[in-house]
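Participant: Please read through the structure below; I'll follow up with questions.
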Amino acid sequence: MKTDRTRLIFLAAAILGFVMIFAMQRTMNEYIVSIVNFVGIYIILAVSLNITNGFTGLFSLGHPAFMAIGGYVTAILTLPVMKKAMFLPDLPSWLAGLQLPFFPALLIAGIMASLTALLVGVPVLRLRGHYLAVATIGFLIIVQVLITNMESLTRGPLGLNGLPAYTNLWWVYPWVLAALYVSWKIKFSSYGRTLLAVRENEMAAQCLGVNLFRTRIASLVIGAFFAGVAGGLWAHLITAITPNSFSLIMAFNIVVMVVVGGAGSISGSFLAAIIFTLLTEVFRPLEESLEVFGIGEIFLALVLIMILIFRPKGFFGSREPRFLTGRNA
Amino acid sequence: MSLAYIAQQCANGLILGSMYSLVAIGFSMIYGISRLINFAHGEVVMIGAFLTMGLFQILGLPFPLVAAAVLALGAVLGVMIERAAFRPMRGAPQVTGFIASLGISIMLQNLGIMVLTAQPRNFSFPAYLQQLVNIGPIGIRIVDICIMLATPLLLAVLLFIIHRTRLGVAMRATAENLDVARLMGIDINRTIMAAFAIGSGLAATAGLMWGGKFGQIDPLMGFIPGLKSFVAAVIGGVGSIPGAILGGYILGMAEVLFVGLLPPIYSAYRDAFVFGTLIIILLVLPNGLLGKETEERA
Amino acid sequence: MLEIQDIHVYRGKTYVLQGVSLHVGQGEIAALIGANGAGKTTTLRAASGLLRAKQGRILFRPEPGGEQVDISRLKPEQIVGLGMSHCPEGRGVFSSLSVRENLLIGAYLRTDRDGIAEDYEKVCRMFPILEERSGQAAGLLSGGEQMMLAVGRSLMSSPRLLLLDEPSLGLAPLVVEQIFRMLAEINSQGVTILLVEQNAVMALDLAHKAYVMENGRVTLSGPSRELACNPDVRRAYLGGH
């Protein structure tokens, strides 16, 4: 995969994106713009989970925990000092007086999420298959419990609201591009090939000297970074955050996107994220008008099960469409 | 910290442990025979609770009959889940089966919300069961006594089935080696179905008990108890039925004592404690206390 | 008794059996020999129903002069009921069940209590070590003892045809001899045997006829004495001279 070609594609995508966002901000109403924002955040989530689950074949349901960490870190950092005093009177003094602009806050959030991933990954990534999955669910619940109870930092079950509404298309889509670019680079590098090798056949990979453990930790850490950023973007889109904002259901939804798109396929995750977010939006007015909630989720689960039975590799398998890779194979 | 208080906590621990055991058995049986974690098991508990209420309140049946019916209906539900989600996944990688059962779990939760609304309801059951009885220093309700007595009874029946009946031998053989079991003439489809039926029947009964113990039920109630029962199964060794029983009681006691004996600040961390234990056990003692299987680790 | 007609079997995408035919007559001992990966185990698994052939047929006539059944599409559970017992590669004993439970599970489909008890006695007489260890978990037995248990278990279903997959695998030569003697004894009592073996010397010695398999096909067949004298067979499987 020639670097020039990659650069060209991403440059083209960036320009196209720029133009589209410009047009959208001008012409579309707020409701649609907010949907497009959500679509962007879900793309980041799906693509980053694809790095962890899709490339390496790990099965992590802990993504929302990283979102929560990222979301809360961003919120605490960007909250104006006044509000901090009001919501979080017991905050340590160096934090209480701090207020950061959005970008550094997001970066720090991402890094904090990554550090957590590192800390948790070292013990937990020794597990495999569904045991790993269950351990990550345990991790998710532990994080939720901690957030709910560390009231001096997080205001507990009440959560934080009135967050500055920083998130808009100009913030979200560069991060989308960044996530896509990082994924792409990883996938088509020798490191990426290692990851896929580990996924296909662990024992063979081990025999060839691949350090399984380090590749797993790295994929978790990178995925967690973007999840943390996505959490921050989410919090500042909704302008509120609670311990329950990022639950197992969200983990499930993102996993569905990755699986349906094809674990390992960046384009797959990308498209699936768009389709599913839009579908959820379609179901929402239906649910509200009929006052019957849960249909959208049921539909999602059904689609997943159908795919698992009839096309378990997802739509793209682990490949990318030919016109993007320029391969002859 | 009086003796009476500790005794009370131990009683509570036994009750909670009974319920965890019953559900954990289902996990272990299903895992043992199909190598898949049935994430939807927690929802069977929830449905058991609602069925109990429905049968009792709406149909006005006498309670012992309701209990028997819930056991039977839970078994039927288990068979349905097996047919719908697990049979198509046979032979697929572990993780695929896991996601599928997670999907079923979420579907059932949302169906519950759709049909019953997310509003918690008060669990109604006969007044005579709610009466308080004083045994020495402990105050305990009749329903709690029933739970403590009924569970060992159910467990005894289960162990009898497993070790002394033809079906039980077939289940144990199938759990160990599916192909060779077929070569013995065992109909593995029916055997697997039986495992799901028994496990789910017990889980539904646990739902009945849960409603009786805690008094409130809602469509999302099965999720955390289900997960915790899985932790119990892991503690005892997934796939081992005696392990599930042991793990269930251990976890029930540990959880209650954790909340009861430590200063109140910590009680909110009970779930973190339980799942932290899960992760530690998975890392340190992956086969649990009584399990025998070995799986590859990185 | 058993007729395999030109079966083609795939495992996933791999084309394993590429048109295998063989015939086992009533009361015979037939051997299937060949190198690792030739497809011998696959052939047995196709016969007992664990694998399904994409093409071809498998016919089974348990009773002499009786009905011939097309078992190509039947499930293993059904085929056992007809009188074929497959003793799988690696013995396949149920380690967590006791020796006694293992033997009894061989008779899973039978309903004649007395007949089962009688056969249990017979097996214990044939392999006294099993009686000795009847309460122990099968996983604790030695390789040779497990082999005896596996054969005994197969016999408990009162089979007309016994399929054996590599009975000598991993066993000491003395034990192998003992087992093969037992097989001859079993055959003399009227049980037909189809034997897959890598140990060609012992297989050809025991069997009446043999088939040689290579790369998913039968390349040679005939009475075992003839094959034992065949120079190619001698070179490839019998150590040369």
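Residue numbers start at 1 in each chain; chains themselves are named A, B, ... in the order of the structure tokens; ligands are numbered from 1 in the order shown.
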Counting only C-alpha atoms, which residues of chain C come no farther than 7 Å from chain B, as a PyMOL selection string?
Facilitator: chain C and resi 76-78+80-81+86+92+94+105-106+108-109
Participant: If we count only C-alpha atoms, what is near C:Arg225 at a cut-off of 9 Å, once residues fewer than 4 positions away on the same chain are taken out, given as a ChimeraX atom specification?
Facilitator: /C:204-205,207-210,229-230
Participant: Could you save the residues just selected, with N, CA, C and O atoms, as a PDB file, in the first residue's frame?
Facilitator:
ATOM      1  N   LEU C 204      -1.792 -56.362   8.889  1.00  0.00           N
ATOM      2  CA  LEU C 204      -1.844 -57.368   7.836  1.00  0.00           C
ATOM      3  C   LEU C 204      -1.809 -58.776   8.414  1.00  0.00           C
ATOM      4  O   LEU C 204      -2.347 -59.714   7.846  1.00  0.00           O
ATOM      5  N   ASP C 205      -1.178 -58.897   9.569  1.00  0.00           N
ATOM      6  CA  ASP C 205      -1.123 -60.204  10.203  1.00  0.00           C
ATOM      7  C   ASP C 205      -2.501 -60.635  10.681  1.00  0.00           C
ATOM      8  O   ASP C 205      -2.886 -61.788  10.575  1.00  0.00           O
ATOM      9  N   ALA C 207      -5.564 -59.256   9.764  1.00  0.00           N
ATOM     10  CA  ALA C 207      -6.701 -59.132   8.855  1.00  0.00           C
ATOM     11  C   ALA C 207      -6.740 -60.219   7.790  1.00  0.00           C
ATOM     12  O   ALA C 207      -5.736 -60.827   7.465  1.00  0.00           O
ATOM     13  N   HIS C 208      -7.962 -60.390   7.258  1.00  0.00           N
ATOM     14  CA  HIS C 208      -8.121 -61.297   6.128  1.00  0.00           C
ATOM     15  C   HIS C 208      -7.837 -60.573   4.836  1.00  0.00           C
ATOM     16  O   HIS C 208      -7.218 -61.089   3.941  1.00  0.00           O
ATOM     17  N   LYS C 209      -8.345 -59.360   4.734  1.00  0.00           N
ATOM     18  CA  LYS C 209      -8.063 -58.580   3.534  1.00  0.00           C
ATOM     19  C   LYS C 209      -7.667 -57.173   3.946  1.00  0.00           C
ATOM     20  O   LYS C 209      -7.927 -56.760   5.074  1.00  0.00           O
ATOM     21  N   ALA C 210      -7.055 -56.478   3.012  1.00  0.00           N
ATOM     22  CA  ALA C 210      -6.596 -55.138   3.359  1.00  0.00           C
ATOM     23  C   ALA C 210      -6.734 -54.179   2.189  1.00  0.00           C
ATOM     24  O   ALA C 210      -6.799 -54.581   1.031  1.00  0.00           O
ATOM     25  N   CYS C 229       3.138 -59.494   0.685  1.00  0.00           N
ATOM     26  CA  CYS C 229       4.240 -59.889  -0.177  1.00  0.00           C
ATOM     27  C   CYS C 229       4.527 -58.878  -1.267  1.00  0.00           C
ATOM     28  O   CYS C 229       5.544 -58.919  -1.923  1.00  0.00           O
ATOM     29  N   ASN C 230       3.581 -57.947  -1.477  1.00  0.00           N
ATOM     30  CA  ASN C 230       3.729 -56.943  -2.530  1.00  0.00           C
ATOM     31  C   ASN C 230       4.942 -56.051  -2.246  1.00  0.00           C
ATOM     32  O   ASN C 230       5.043 -55.458  -1.180  1.00  0.00           O
TER      33      ASN C 230
END
Participant: Can you tell me, as a list in words, which residues in stretch 127-285 of chain A count as strand (DSSP E) by DSSP?
Facilitator: Leu160, Asn161, Ala240 and Ile241 of chain A
Participant: If you count only C-alpha atoms, which residues fall within 8 Å of stretch 179-189 of chain A, apart from same-chain ones fewer than 6 positions away, as an MDAnalysis selection string?
Facilitator: chainID A and resid 1 10 44 47:48 51 55 226 266
Participant: Selection from above, C-alpha atoms, as a PDB file, in the first residue's frame, can you write it?
Facilitator:
ATOM      1  CA  MET A   1       0.000   0.000   0.000  1.00  0.00           C
ATOM      2  CA  PHE A  10      -6.743  11.073   2.928  1.00  0.00           C
ATOM      3  CA  ILE A  44     -14.775   7.098  15.850  1.00  0.00           C
ATOM      4  CA  VAL A  47     -13.275   2.382  13.983  1.00  0.00           C
ATOM      5  CA  SER A  48     -11.367   2.457  17.274  1.00  0.00           C
ATOM      6  CA  ILE A  51      -8.472  -1.667  16.116  1.00  0.00           C
ATOM      7  CA  PHE A  55      -7.467  -6.239  14.067  1.00  0.00           C
ATOM      8  CA  PHE A 226      -9.988   7.326  20.647  1.00  0.00           C
ATOM      9  CA  ILE A 266     -12.121  -0.144   8.488  1.00  0.00           C
TER      10      ILE A 266
END
Participant: Just to confirm, what's the straight-line distance from atom CA of B:Ser229 to atom CA of B:Leu149 in Å (one decimal)?
Facilitator: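 Result for atom CA of B:Ser229 versus atom CA of B:Leu149: 19.6 Å, one decimal.
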Participant: Just list the residues in stretch 68-297 of chain B DSSP gives helix (DSSP H, G or I) on the backbone, as number ranges by chain.
Facilitator: B: 68-86, 94-116, 127-130, 142-164, 166-176, 178-183, 188-214, 223-236, 241-261, 264-284
Participant: Taking only residues of chain A that have an atom at most 6 Å from an atom of chain B, what is each one's shortest atom pair and its distance in Å to one decimal, using only C-alpha atoms, in chain and number order, as CSV?
Facilitator:
residue,atom,partner,partner_atom,distance
A:Arg126,CA,B:Ala298,CA,5.2
A:Leu127,CA,B:Arg297,CA,6.0
A:Gly129,CA,B:Val95,CA,5.9
A:His130,CA,B:Val95,CA,5.7
A:Ala135,CA,B:Ile279,CA,5.7
A:Gly138,CA,B:Phe275,CA,5.0
A:Ile142,CA,B:Ala272,CA,4.5
A:Val292,CA,B:Met114,CA,5.4
A:Phe293,CA,B:Met114,CA,5.6
A:Gly294,CA,B:Asn110,CA,4.9
A:Ile298,CA,B:Met107,CA,4.8
A:Ala301,CA,B:Gly103,CA,4.9
A:Ile305,CA,B:Ala100,CA,5.8
Participant: Selected residues, C-alpha atoms, written as a PDB file, in the first residue's frame, please.
Facilitator:
ATOM      1  CA  ARG A 126      -3.811 -12.572  29.533  1.00  0.00           C
ATOM      2  CA  LEU A 127      -7.329 -13.921  29.152  1.00  0.00           C
ATOM      3  CA  GLY A 129     -12.076 -15.465  24.123  1.00  0.00           C
ATOM      4  CA  HIS A 130     -15.223 -15.117  26.108  1.00  0.00           C
ATOM      5  CA  ALA A 135     -13.631  -9.618  32.361  1.00  0.00           C
ATOM      6  CA  GLY A 138     -16.556  -6.604  34.939  1.00  0.00           C
ATOM      7  CA  ILE A 142     -16.232  -1.462  38.250  1.00  0.00           C
ATOM      8  CA  VAL A 292     -43.126   1.772  23.042  1.00  0.00           C
ATOM      9  CA  PHE A 293     -39.452   1.895  23.805  1.00  0.00           C
ATOM     10  CA  GLY A 294     -36.899  -0.672  22.914  1.00  0.00           C
ATOM     11  CA  ILE A 298     -34.446  -5.246  19.426  1.00  0.00           C
ATOM     12  CA  ALA A 301     -30.025  -7.337  18.082  1.00  0.00           C
ATOM     13  CA  ILE A 305     -28.072 -12.498  15.077  1.00  0.00           C
TER      14      ILE A 305
END
Participant: Could you give me, as a VMD selection string, the residues within 9 Å of C:Arg110, counting only C-alpha atoms and dropping anything in the same chain fewer than 3 positions from it?
Facilitator: chain C and resid 81 106 to 107 113 115 to 116 157 to 158
Participant: Find the residues around C:Met84 up to 8 Å (only C-alpha atoms counted), leave out those fewer than 4 positions away in its own chain, and share them as a list of chain:residue names.
Facilitator: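 Counting only the stated atoms, we get C:Ser48, C:Pro62, C:Ile79, C:Val80, C:Pro159, C:Arg160, C:Leu161, C:Leu162, C:Leu163.
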Participant: Near stretch 162-167 of chain A, counting only C-alpha atoms, which residues have an atom at most 8 Å away, once you skip same-chain residues fewer than 6 positions from it, shown as a list in words?
Facilitator: Ala75, Thr78, Leu79, Phe102, Leu233, Trp234, Ala235, His236, Leu237, Ile238, Thr239 and Ala240 of chain A
Participant: Using Å and a single decimal, report how far atom CA of B:Gly291 sits from atom CA of B:Val157.
Facilitator: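 Computing it gives 21.4 Å between the two atoms.
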Participant: Have a look at atom CA of B:Leu158 and atom CA of C:Tyr120 and let me know their distance in Å, one decimal.
Facilitator: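 Atom CA of C:Tyr120 lies 27.9 Å from atom CA of B:Leu158.
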Participant: Restricting the calculation to only C-alpha atoms, which member of C:Leu206, C:Val196, C:Leu169, C:Val93 is positioned closest to C:Ser154?
Facilitator: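 Of C:Leu206, C:Val196, C:Leu169, C:Val93, the one nearest C:Ser154, counting only C-alpha atoms, is C:Val93.
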Participant: Which residue is closest to A:Val260? Choose from A:Leu302, A:Val176, A:Leu115, A:Ile21 and count only C-alpha atoms.
Facilitator: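 Using only C-alpha atoms, A:Val260 sits closest to A:Leu302.
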Participant: Env of stretch 215-222 of chain B: 6 Å cut, atoms = only C-alpha atoms, seq-sep filter 6 positions within chain, self excluded. Answer as a ChimeraX atom specification.
Facilitator: /B:42-43,45-46,109,112-113,120-123
Participant: Keeping only C-alpha atoms, write the selected residues as a PDB file, in the first residue's frame.
Facilitator:
ATOM      1  CA  GLY B  42     -30.162 -13.578  33.648  1.00  0.00           C
ATOM      2  CA  GLU B  43     -33.236 -12.716  31.624  1.00  0.00           C
ATOM      3  CA  VAL B  45     -34.555 -15.164  36.014  1.00  0.00           C
ATOM      4  CA  MET B  46     -36.382 -11.944  35.225  1.00  0.00           C
ATOM      5  CA  GLN B 109     -34.624  -6.975  28.170  1.00  0.00           C
ATOM      6  CA  GLY B 112     -39.663  -6.712  28.658  1.00  0.00           C
ATOM      7  CA  ILE B 113     -39.471  -2.947  28.584  1.00  0.00           C
ATOM      8  CA  PRO B 120     -40.460  -1.484  38.808  1.00  0.00           C
ATOM      9  CA  ARG B 121     -43.412  -3.315  40.229  1.00  0.00           C
ATOM     10  CA  ASN B 122     -44.136  -4.668  43.627  1.00  0.00           C
ATOM     11  CA  PHE B 123     -43.903  -8.413  43.680  1.00  0.00           C
TER      12      PHE B 123
END
